[in-house]
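So this block is start-v5.cif, mmCIF, C-alpha atoms:
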data_model
loop_
_atom_site.label_atom_id
_atom_site.label_comp_id
_atom_site.auth_asym_id
_atom_site.auth_seq_id
_atom_site.Cartn_x
_atom_site.Cartn_y
_atom_site.Cartn_z
CA MET F 1 -11.12 -13.14 1.96
CA VAL F 2 -7.39 -12.63 2.39
CA PHE F 3 -4.56 -13.98 0.25
CA SER F 4 -3.01 -15.68 3.27
CA GLY F 5 -6.19 -17.62 4.06
CA LEU F 6 -7.06 -21.20 3.17
CA VAL F 7 -10.36 -20.20 1.52
CA PHE F 8 -8.48 -18.09 -1.01
CA LEU F 9 -5.54 -20.45 -1.51
CA CYS F 10 -7.45 -23.72 -1.70
CA ARG F 11 -10.83 -22.72 -3.13
CA PHE F 12 -11.15 -19.33 -4.78
CA LEU F 13 -7.79 -19.08 -6.55
CA PRO F 14 -7.74 -22.58 -8.16
CA ALA F 15 -11.38 -22.25 -9.27
CA PHE F 16 -10.91 -18.74 -10.66
CA LEU F 17 -7.68 -19.51 -12.52
CA THR F 18 -9.24 -22.60 -14.10
CA ILE F 19 -12.23 -20.63 -15.40
CA TYR F 20 -10.06 -17.67 -16.47
CA LEU F 21 -7.59 -19.80 -18.44
CA LEU F 22 -10.36 -21.71 -20.20
CA THR F 23 -12.15 -18.50 -21.20
CA PRO F 24 -11.48 -16.98 -24.66
CA ASP F 25 -9.41 -13.78 -24.58
CA ARG F 26 -12.30 -11.50 -25.53
CA HIS F 27 -14.31 -12.53 -22.45
CA ARG F 28 -11.55 -12.52 -19.84
CA ASN F 29 -12.27 -8.99 -18.65
CA LEU F 30 -15.83 -10.05 -17.85
CA VAL F 31 -14.58 -13.13 -15.98
CA LEU F 32 -12.10 -11.00 -14.06
CA PHE F 33 -14.82 -8.47 -13.22
CA LEU F 34 -17.30 -11.09 -12.02
CA GLY F 35 -14.62 -13.07 -10.18
CA SER F 36 -13.46 -9.92 -8.41
CA LEU F 37 -17.03 -9.18 -7.35
CA VAL F 38 -17.27 -12.67 -5.84
CA PHE F 39 -13.93 -12.12 -4.07
CA TYR F 40 -15.12 -8.78 -2.63
CA ALA F 41 -18.61 -9.98 -1.77
CA TRP F 42 -17.16 -12.88 0.23
CA GLY F 43 -16.25 -10.47 3.02
CA GLU F 44 -18.13 -7.27 2.08
CA PRO F 45 -21.50 -8.28 0.53
CA VAL F 46 -23.22 -5.15 1.89
CA TYR F 47 -20.78 -2.75 0.23
CA ILE F 48 -20.42 -4.34 -3.17
CA GLY F 49 -23.10 -1.92 -4.38
CA LEU F 50 -20.92 1.00 -3.27
CA MET F 51 -17.99 -0.20 -5.37
CA LEU F 52 -20.27 -0.84 -8.36
CA PHE F 53 -21.75 2.64 -7.99
CA SER F 54 -18.28 4.20 -7.94
CA ALA F 55 -17.22 2.19 -10.99
CA PHE F 56 -20.35 2.96 -13.03
CA LEU F 57 -20.27 6.64 -12.04
CA ASP F 58 -16.75 7.19 -13.32
CA TYR F 59 -17.26 4.99 -16.35
CA THR F 60 -20.09 7.37 -17.30
CA ASN F 61 -18.07 10.44 -16.34
CA GLY F 62 -15.21 9.25 -18.55
CA ARG F 63 -17.51 8.93 -21.56
CA ILE F 64 -18.94 12.41 -20.98
CA LEU F 65 -15.49 13.93 -20.46
CA GLU F 66 -14.23 12.50 -23.73
CA TYR F 67 -17.31 13.80 -25.55
CA ALA F 68 -16.90 17.25 -23.96
CA GLY F 69 -13.24 17.34 -24.93
CA MET F 70 -13.96 16.41 -28.54
CA GLN F 71 -16.68 19.06 -28.75
CA GLY F 72 -14.58 21.74 -27.05
CA LYS F 73 -17.04 22.08 -24.18
CA LYS F 74 -14.61 23.04 -21.44
CA ARG F 75 -17.26 24.11 -18.93
CA LEU F 76 -19.04 20.79 -19.19
CA ALA F 77 -15.75 18.91 -18.81
CA GLY F 78 -14.79 20.98 -15.78
CA ALA F 79 -18.18 20.42 -14.16
CA VAL F 80 -18.06 16.66 -14.73
CA LEU F 81 -14.53 16.40 -13.35
CA ALA F 82 -15.53 18.43 -10.27
CA GLU F 83 -18.55 16.18 -9.76
CA SER F 84 -16.40 13.05 -10.02
CA VAL F 85 -13.83 14.26 -7.50
CA LEU F 86 -16.51 15.60 -5.15
CA VAL F 87 -18.57 12.40 -5.15
CA ASN F 88 -15.55 10.14 -4.70
CA LEU F 89 -14.12 12.22 -1.88
CA SER F 90 -17.57 12.44 -0.27
CA LEU F 91 -17.92 8.65 -0.32
CA LEU F 92 -14.46 8.33 1.19
CA GLY F 93 -15.24 10.96 3.81
CA VAL F 94 -18.59 9.55 4.87
CA PHE F 95 -17.49 5.94 5.17
CA LYS F 96 -13.95 6.47 6.41
CA TYR F 97 -14.17 9.50 8.67
CA SER F 98 -17.74 9.93 9.87
CA GLY F 99 -17.49 7.11 12.39
CA VAL F 100 -21.16 6.27 11.75
CA LEU F 101 -20.76 3.52 9.15
CA PRO F 102 -18.35 0.57 9.03
CA LEU F 103 -15.34 1.05 6.74
CA PRO F 104 -15.71 -0.78 3.40
CA VAL F 105 -12.54 -2.73 2.65
CA GLY F 106 -10.46 -1.22 -0.16
CA ILE F 107 -12.45 2.03 -0.49
CA SER F 108 -9.30 4.16 -0.12
CA PHE F 109 -7.73 2.36 -3.07
CA TYR F 110 -10.56 2.07 -5.56
CA THR F 111 -11.76 5.67 -5.07
CA PHE F 112 -8.24 6.93 -5.82
CA GLN F 113 -8.12 4.73 -8.91
CA THR F 114 -11.42 5.94 -10.32
CA MET F 115 -10.49 9.56 -9.62
CA SER F 116 -7.16 9.19 -11.41
CA TYR F 117 -9.05 7.77 -14.41
CA THR F 118 -11.41 10.73 -14.76
CA ILE F 119 -8.58 13.22 -14.21
CA ASP F 120 -6.48 11.57 -16.92
CA VAL F 121 -9.40 11.50 -19.35
CA TYR F 122 -9.99 15.19 -18.62
CA ARG F 123 -6.32 15.92 -19.29
CA GLY F 124 -6.47 13.97 -22.54
CA GLU F 125 -3.83 11.50 -21.36
CA VAL F 126 -6.06 8.44 -21.91
CA ARG F 127 -9.09 7.61 -24.00
CA ALA F 128 -12.34 6.86 -22.23
CA GLN F 129 -12.97 3.15 -21.79
CA LYS F 130 -16.08 2.13 -23.73
CA ASP F 131 -16.21 -1.47 -22.54
CA LEU F 132 -18.00 -1.52 -19.18
CA ALA F 133 -16.65 -4.98 -18.32
CA ALA F 134 -13.08 -3.81 -18.96
CA PHE F 135 -13.55 -0.75 -16.78
CA GLY F 136 -15.19 -2.85 -14.08
CA ALA F 137 -12.22 -5.22 -14.21
CA TYR F 138 -9.86 -2.27 -13.74
CA VAL F 139 -11.71 -0.91 -10.70
CA SER F 140 -12.41 -4.23 -8.98
CA MET F 141 -9.34 -6.29 -10.01
CA PHE F 142 -9.04 -8.57 -6.99
CA PRO F 143 -5.21 -8.86 -6.89
CA GLN F 144 -4.91 -5.23 -5.82
CA LEU F 145 -8.47 -4.35 -4.80
CA ILE F 146 -8.22 -4.37 -1.03
CA ALA F 147 -4.75 -2.95 -0.37
CA GLY F 148 -3.16 -1.79 -3.59
CA PRO F 149 -0.82 -1.05 -5.22
CA VAL F 150 -2.77 2.00 -6.38
CA VAL F 151 -3.00 1.33 -10.12
CA LYS F 152 -3.51 4.25 -12.50
CA TYR F 153 -5.68 3.45 -15.50
CA LYS F 154 -3.02 4.59 -17.96
CA ASP F 155 -0.64 1.98 -16.55
CA VAL F 156 -2.93 -0.91 -17.55
CA GLU F 157 -4.94 0.64 -20.40
CA SER F 158 -3.27 -1.36 -23.14
CA GLU F 159 -3.42 -4.64 -21.20
CA LEU F 160 -7.14 -4.24 -20.56
CA SER F 161 -7.58 -4.35 -24.32
CA ARG F 162 -4.95 -6.95 -25.14
CA ARG F 163 -2.70 -8.98 -22.87
CA THR F 164 -0.53 -12.02 -23.33
CA MET F 165 -0.95 -15.16 -21.27
CA ASP F 166 2.11 -17.39 -21.39
CA VAL F 167 3.85 -20.09 -19.38
CA TRP F 168 6.74 -17.83 -18.41
CA GLY F 169 4.39 -15.15 -17.09
CA GLY F 170 2.51 -17.71 -15.02
CA TYR F 171 5.80 -19.13 -13.74
CA GLU F 172 7.01 -15.67 -12.67
CA GLY F 173 3.66 -14.85 -11.12
CA ILE F 174 3.56 -18.02 -9.02
CA GLY F 175 7.08 -17.39 -7.77
CA ARG F 176 6.35 -13.77 -6.84
CA PHE F 177 3.15 -14.80 -5.08
CA CYS F 178 4.94 -17.48 -3.00
CA VAL F 179 7.67 -15.04 -1.97
CA GLY F 180 5.04 -12.52 -0.90
CA LEU F 181 3.11 -15.17 1.00
CA GLY F 182 6.29 -16.14 2.82
CA LYS F 183 6.98 -12.51 3.75
CA LYS F 184 3.49 -12.15 5.16
CA VAL F 185 3.09 -15.47 6.97
CA LEU F 186 6.62 -16.48 7.96
CA LEU F 187 8.04 -13.03 8.78
CA ALA F 188 5.32 -10.41 9.35
CA ASN F 189 3.08 -12.64 11.44
CA GLN F 190 5.97 -13.96 13.53
CA ILE F 191 7.64 -10.62 14.30
CA GLY F 192 4.18 -9.18 14.95
CA LEU F 193 3.95 -11.38 18.03
CA LEU F 194 6.83 -9.41 19.54
CA TRP F 195 4.98 -6.14 19.00
CA GLU F 196 1.85 -7.68 20.52
CA ALA F 197 3.85 -8.69 23.60
CA VAL F 198 5.40 -5.23 24.04
CA GLN F 199 2.03 -3.51 23.64
CA LYS F 200 0.76 -5.35 26.71
CA ILE F 201 3.50 -3.82 28.85
CA PRO F 202 2.45 -0.45 30.35
CA PRO F 203 4.74 2.29 28.97
CA GLY F 204 5.86 3.27 32.46
CA GLN F 205 7.19 -0.23 33.11
CA ALA F 206 9.13 -0.79 29.87
CA SER F 207 12.85 -0.23 29.33
CA MET F 208 14.43 1.46 26.32
CA LEU F 209 15.51 -1.97 25.06
CA THR F 210 11.92 -3.20 25.23
CA ALA F 211 10.69 -0.05 23.49
CA TRP F 212 13.14 -0.49 20.61
CA LEU F 213 12.32 -4.16 20.24
CA GLY F 214 8.58 -3.42 20.15
CA SER F 215 8.69 -0.42 17.82
CA GLY F 216 11.24 -2.08 15.57
CA ALA F 217 9.07 -5.19 15.45
CA PHE F 218 6.04 -3.16 14.36
CA ALA F 219 8.04 -1.33 11.68
CA LEU F 220 9.27 -4.66 10.33
CA GLN F 221 5.83 -6.28 10.61
CA LEU F 222 4.23 -3.46 8.65
CA TYR F 223 6.92 -3.67 5.98
CA PHE F 224 6.74 -7.43 5.48
CA ASP F 225 2.95 -7.43 5.76
CA PHE F 226 2.40 -4.72 3.17
CA SER F 227 5.30 -5.47 0.84
CA GLY F 228 4.39 -9.16 1.03
CA TYR F 229 0.82 -8.30 0.04
CA SER F 230 2.14 -6.16 -2.81
CA ASP F 231 4.32 -9.05 -4.00
CA MET F 232 1.28 -11.34 -3.94
CA ALA F 233 -0.78 -8.77 -5.83
CA ILE F 234 1.91 -8.29 -8.49
CA GLY F 235 2.32 -12.07 -8.80
CA LEU F 236 -1.41 -12.71 -9.15
CA ALA F 237 -1.74 -9.95 -11.73
CA ARG F 238 1.19 -11.44 -13.66
CA MET F 239 -0.65 -14.80 -13.77
CA LEU F 240 -3.58 -12.94 -15.33
CA GLY F 241 -1.45 -11.18 -17.95
CA PHE F 242 -1.00 -7.78 -16.22
CA HIS F 243 2.27 -6.08 -15.33
CA LEU F 244 1.77 -4.01 -12.18
CA LYS F 245 4.50 -1.60 -11.09
CA GLU F 246 6.66 -2.22 -8.05
CA ASN F 247 5.35 -0.83 -4.76
CA PHE F 248 8.41 -1.30 -2.50
CA ASP F 249 12.14 -1.08 -3.11
CA TYR F 250 13.85 -2.03 0.18
CA PRO F 251 13.04 1.27 1.94
CA TYR F 252 15.05 0.40 5.06
CA ARG F 253 18.23 0.70 3.02
CA SER F 254 17.59 4.44 2.71
CA GLY F 255 19.99 7.15 3.85
CA SER F 256 17.32 9.84 4.31
CA ILE F 257 13.58 10.24 4.77
CA THR F 258 13.34 11.59 1.22
CA GLU F 259 14.85 8.37 -0.10
CA PHE F 260 12.71 6.26 2.24
CA TRP F 261 9.47 7.64 0.82
CA ARG F 262 10.68 7.08 -2.72
CA ARG F 263 11.00 3.40 -1.84
CA TRP F 264 7.95 2.82 0.43
CA HIS F 265 4.38 2.49 -0.95
CA ILE F 266 5.64 3.87 -4.24
CA SER F 267 2.24 3.84 -5.96
CA LEU F 268 0.61 6.04 -3.30
CA GLY F 269 3.51 8.48 -3.30
CA GLN F 270 3.33 8.77 -7.09
CA TRP F 271 -0.44 9.30 -6.93
CA PHE F 272 -0.12 12.22 -4.51
CA ARG F 273 2.77 13.64 -6.51
CA GLU F 274 0.92 13.50 -9.83
CA TYR F 275 -2.55 14.56 -8.70
CA VAL F 276 -1.85 16.87 -5.73
CA TYR F 277 1.77 18.03 -5.43
CA ILE F 278 2.43 18.96 -9.07
CA PRO F 279 -0.99 20.64 -9.63
CA LEU F 280 -0.28 22.76 -6.53
CA GLY F 281 2.93 23.95 -8.18
CA GLY F 282 5.39 21.30 -7.01
CA ASN F 283 8.87 22.78 -6.69
CA LYS F 284 8.51 25.22 -9.59
CA LYS F 285 7.39 28.30 -7.62
CA GLY F 286 10.10 28.74 -5.03
CA LEU F 287 11.08 27.14 -1.75
CA LEU F 288 8.21 28.53 0.35
CA VAL F 289 5.58 27.21 -2.05
CA GLN F 290 7.38 23.88 -2.23
CA ILE F 291 7.36 23.63 1.58
CA ARG F 292 3.67 24.47 1.65
CA ASN F 293 2.96 21.80 -0.96
CA ILE F 294 4.97 19.18 0.95
CA LEU F 295 3.03 19.86 4.16
CA ILE F 296 -0.33 19.74 2.33
CA VAL F 297 0.55 16.43 0.66
CA TRP F 298 1.70 14.87 3.90
CA ALA F 299 -1.26 16.11 5.89
CA LEU F 300 -3.48 14.48 3.23
CA THR F 301 -1.35 11.33 3.32
CA GLY F 302 -1.88 11.07 7.06
CA ILE F 303 -5.63 11.69 6.75
CA TRP F 304 -5.86 9.11 3.94
CA HIS F 305 -4.66 6.43 6.34
CA GLY F 306 -7.34 7.08 8.96
CA LYS F 307 -9.39 9.53 11.00
CA GLY F 308 -7.34 9.32 14.21
CA TRP F 309 -5.18 12.26 15.27
CA ASN F 310 -2.19 9.92 15.29
CA TYR F 311 -2.39 9.57 11.50
CA LEU F 312 -2.45 13.33 10.95
CA VAL F 313 0.47 13.83 13.34
CA TRP F 314 2.31 10.96 11.63
CA GLY F 315 1.82 12.59 8.23
CA LEU F 316 2.88 16.06 9.40
CA TYR F 317 5.88 14.58 11.21
CA PHE F 318 7.23 13.14 7.98
CA GLY F 319 6.22 16.28 6.10
CA ILE F 320 8.33 18.38 8.47
CA LEU F 321 11.30 16.02 8.16
CA LEU F 322 11.05 16.18 4.37
CA MET F 323 10.82 19.97 4.55
CA LEU F 324 13.96 20.11 6.73
CA GLU F 325 15.78 17.85 4.31
CA LYS F 326 14.83 20.06 1.38
CA CYS F 327 16.04 23.17 3.25
CA PHE F 328 19.41 21.95 4.57
CA LEU F 329 19.52 18.45 6.06
CA LEU F 330 20.12 16.59 2.77
CA ARG F 331 23.22 18.70 2.16
CA VAL F 332 24.53 17.67 5.59
CA LEU F 333 23.75 14.00 4.97
CA PHE F 334 25.58 14.07 1.63
CA ARG F 335 28.76 15.19 3.41
CA VAL F 336 28.87 12.45 6.05
CA PRO F 337 29.30 8.68 5.63
CA ARG F 338 26.08 7.03 4.46
CA MET F 339 25.96 4.96 7.66
CA PHE F 340 25.00 8.06 9.65
CA GLY F 341 22.21 8.93 7.24
CA HIS F 342 21.00 5.36 7.40
CA LEU F 343 20.92 5.37 11.24
CA TYR F 344 19.07 8.69 11.22
CA ALA F 345 16.51 7.40 8.73
CA VAL F 346 15.90 4.16 10.64
CA ALA F 347 15.53 5.99 13.96
CA ALA F 348 13.19 8.62 12.48
CA VAL F 349 11.05 6.03 10.70
CA THR F 350 10.83 3.78 13.77
CA ALA F 351 9.64 6.70 15.90
CA GLY F 352 7.10 7.69 13.26
CA MET F 353 5.81 4.16 12.87
CA THR F 354 5.28 3.97 16.64
CA VAL F 355 2.90 6.92 16.49
CA PHE F 356 1.24 5.34 13.44
CA ALA F 357 0.75 2.04 15.30
CA VAL F 358 -1.00 3.43 18.39
CA GLU F 359 -4.31 5.17 17.75
CA ASP F 360 -4.23 6.84 21.17
CA LEU F 361 -2.01 9.81 20.25
CA ALA F 362 -0.79 10.50 23.78
CA GLU F 363 0.27 6.89 24.28
CA GLY F 364 1.85 6.74 20.83
CA LEU F 365 3.92 9.87 21.52
CA ARG F 366 4.94 8.48 24.90
CA ARG F 367 6.06 5.18 23.36
CA ALA F 368 7.99 7.06 20.68
CA GLY F 369 9.67 9.15 23.39
CA MET F 370 10.76 5.97 25.17
CA LEU F 371 13.02 5.21 22.21
CA PHE F 372 15.15 8.26 23.02
CA GLY F 373 15.43 8.27 26.80
CA GLY F 374 11.89 8.46 28.12
CA ALA F 375 11.78 4.84 29.30
CA ALA F 376 11.88 3.61 32.91
CA SER F 377 15.39 2.21 32.41
CA PHE F 378 17.87 1.40 29.70
CA CYS F 379 17.57 -2.36 30.08
CA ASP F 380 15.65 -4.79 32.28
CA MET F 381 15.01 -8.51 32.60
CA GLN F 382 11.80 -8.19 30.57
CA GLY F 383 13.71 -6.73 27.63
CA ILE F 384 16.43 -9.37 27.91
CA TRP F 385 13.79 -12.12 27.93
CA LEU F 386 12.14 -10.69 24.80
CA LEU F 387 15.53 -10.37 23.12
CA SER F 388 16.42 -13.97 23.94
CA ASN F 389 13.11 -15.24 22.53
CA TYR F 390 12.83 -13.03 19.46
CA GLY F 391 16.41 -11.86 18.83
CA VAL F 392 17.22 -14.33 16.04
CA LEU F 393 13.93 -13.67 14.26
CA PHE F 394 14.40 -9.91 14.66
CA PHE F 395 17.90 -10.15 13.15
CA LEU F 396 16.65 -12.24 10.21
CA CYS F 397 13.87 -9.73 9.56
CA VAL F 398 16.37 -6.87 9.60
CA LEU F 399 18.54 -8.72 7.08
CA GLY F 400 15.50 -9.38 4.89
CA ALA F 401 14.35 -5.76 5.06
CA LEU F 402 17.83 -4.66 3.97
CA GLY F 403 17.66 -6.97 0.96
CA ALA F 404 20.12 -9.62 2.13
CA GLY F 405 17.94 -12.42 0.75
CA LYS F 406 16.99 -10.69 -2.49
CA LYS F 407 18.80 -13.15 -4.74
CA LEU F 408 17.26 -16.15 -2.97
CA GLY F 409 13.85 -15.06 -4.20
CA ARG F 410 14.87 -15.97 -7.76
CA TYR F 411 15.08 -19.72 -7.15
CA PRO F 412 12.07 -22.04 -7.60
CA VAL F 413 13.16 -24.15 -4.64
CA VAL F 414 12.78 -21.07 -2.43
CA TRP F 415 9.33 -20.38 -3.90
CA ALA F 416 8.25 -23.92 -3.14
CA ALA F 417 9.65 -23.84 0.38
CA ALA F 418 8.00 -20.48 1.12
CA GLY F 419 4.66 -21.66 -0.23
CA ILE F 420 4.65 -25.02 1.58
CA LEU F 421 5.84 -23.63 4.91
CA SER F 422 3.34 -20.76 4.71
CA VAL F 423 0.39 -23.07 4.09
CA ALA F 424 1.55 -25.34 6.92
CA TYR F 425 1.71 -22.34 9.24
CA ILE F 426 -1.72 -21.05 8.16
CA VAL F 427 -3.28 -24.44 8.89
CA ASP F 428 -1.79 -24.53 12.38
CA ALA F 429 -1.79 -20.86 13.46
CA SER F 430 -4.49 -18.53 14.72
CA TYR F 431 -2.50 -15.25 14.46
CA ASN F 432 -2.88 -14.02 10.89
CA PRO F 433 -3.69 -10.30 10.93
CA PHE F 434 -3.63 -8.06 7.88
CA LEU F 435 -2.66 -4.54 8.92
CA TYR F 436 -3.69 -2.62 5.81
CA PHE F 437 -7.32 -3.76 5.94
CA ARG F 438 -8.06 -0.84 8.25
CA PHE F 439 -6.84 1.68 5.68
#

Target format structure tokens, applied to this file:
Amino acid sequence: MVFSGLVFLCRFLPAFLTIYLLTPDRHRNLVLFLGSLVFYAWGEPVYIGLMLFSAFLDYTNGRILEYAGMQGKKRLAGAVLAESVLVNLSLLGVFKYSGVLPLPVGISFYTFQTMSYTIDVYRGEVRAQKDLAAFGAYVSMFPQLIAGPVVKYKDVESELSRRTMDVWGGYEGIGRFCVGLGKKVLLANQIGLLWEAVQKIPPGQASMLTAWLGSGAFALQLYFDFSGYSDMAIGLARMLGFHLKENFDYPYRSGSITEFWRRWHISLGQWFREYVYIPLGGNKKGLLVQIRNILIVWALTGIWHGKGWNYLVWGLYFGILLMLEKCFLLRVLFRVPRMFGHLYAVAAVTAGMTVFAVEDLAEGLRRAGMLFGGAASFCDMQGIWLLSNYGVLFFLCVLGALGAGKKLGRYPVVWAAAGILSVAYIVDASYNPFLYFRF
């Protein structure tokens, strides 16, 4: 079940919200937990047991960790934490990287969430959750279950115990959801058709113009698809009384790769920073250690996205760029007009996203090379035809990615228009992919 599908919009969501709003406050976690299980089981009935196992395992681990901490039993606490991390990573490894079993939707997100919970209990940053329904609601919360944002337990701990439902919150949530739905359906899906068209052209027959149109289209599609989903998740959570943190902050406005990754998939970046980069020493032990830590984090970030070599190369590519920026490139970028840094960031990200998009590494590298002179020609009739058909849409998507329409998203008339047009499109269209399902 996807947020941009009629089953969710016309059946699940109205039924769930009705039951949730009529339920007394003390039972809403249970309703959210059970409703989220129905949502997940709709498309993944076989793997609902896996998610329940992960949730119950770390619920139990949290209780033991708190007990061990109170009793001063450091060895027991260390053993339980190691077991939690090992089991969660093993589940992720077997199902995501073995190639033997189908990939359960959302496993990358809920395993990271349960691991962050046990780590924070071990550190003494949060109390163990004693209400199994509340913990189950945290792990399986359907607004962000299948594609994030990655929610740390400490960010919603207080709202799991007590949250306020009010008209203004519902109003804000509906508006945010409609804006996200519009991003996904009216922009991501439409510009994705351009990338689909370019993919069908053999690399040896495409011009540089065609290559830039295709790679740019994928970069924009991924942004509007994922940021639109995040907007919908934040909006849905707001309707339920939760305040999830922002996951995107107009990354294509960035003047460096460092800035880009502070604005893109913010929750994942913060997770790796807090639970991998800083424990490794962060930037506190000299430049060489910092460089090592950056490369480790970005190798893991690439692997987290998938088992293909293209994901590892994609991660290391950005890790190397970040390393170069730390060493000297940021100082150069600070001295030149921001426009040059912005052009560099856009070009570097577009090339990286091309490798990310194509699972065949050799083809992905070849398509990325076409952006910088490796194409058959600079321009051809095929590229001109694509530009004439998709140029206006491409330009509008660029403006949207740069935040040109940010203020429009505040007006209810825009929410209504986005919602109505999106539903009309969903009813009529057959192209409605969701890119982050595969991660």

(request) Give as a list in words the residues that the PyMOL selection byres ((chain F and resi 96) around 10) matches when applied to the coordinates above. (result)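 Going through the file, the PyMOL selection byres ((chain F and resi 96) around 10) ends up selecting Ser90, Leu91, Leu92, Gly93, Val94, Phe95, Tyr97, Ser98, Gly99, Val100, Leu101, Pro102, Leu103, Pro104, Ile107, Ser108, Ile303, Trp304, His305, Gly306, Lys307, Arg438 and Phe439 of chain F.
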
(message) Selection in question (the file shown): the PyMOL selection byres ((chain F and resi 158-175) around 6). Which residues does it include, as a ChimeraX atom specification?
(response) /F:156-157,176-178,235-236,238-239,241,415

(message) Measuring between all atoms listed in the file, which one of F:Leu268, F:Ala348, F:Ala418, F:Met1 shows the shortest distance to Gly228 in chain F?
(response)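 Closest to Gly228 in chain F, using all atoms listed in the file: F:Ala418.
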
(request) Given the file shown, determine the residues that the PyMOL selection byres ((chain F and resi 212-227) around 7) selects; report them as a list in words. (result)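 Matching residues under the PyMOL selection byres ((chain F and resi 212-227) around 7) are Lys183, Lys184, Leu187, Ala188, Asn189, Ile191, Gly192, Leu194, Trp195, Val198, Met208, Leu209, Thr210, Ala211, Gly228, Tyr229, Ser230, Asp231, Phe248, Thr350, Met353, Thr354, Leu371, Cys397, Phe434, Leu435 and Tyr436 of chain F.
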
(request) Find, counting only C-alpha atoms, the residue in F:Ile48, F:Ala68, F:Ala237, F:Val80 that gets nearest to Met141 in chain F. (result)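 Residue with the minimum atom-to-atom distance to Met141 in chain F: F:Ala237.
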
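Proximity of F:Ser256, F:Ser116, F:Asn247, F:Ser4 to Trp271 in chain F, computed with all atoms listed in the file, is greatest for F:Ser116.
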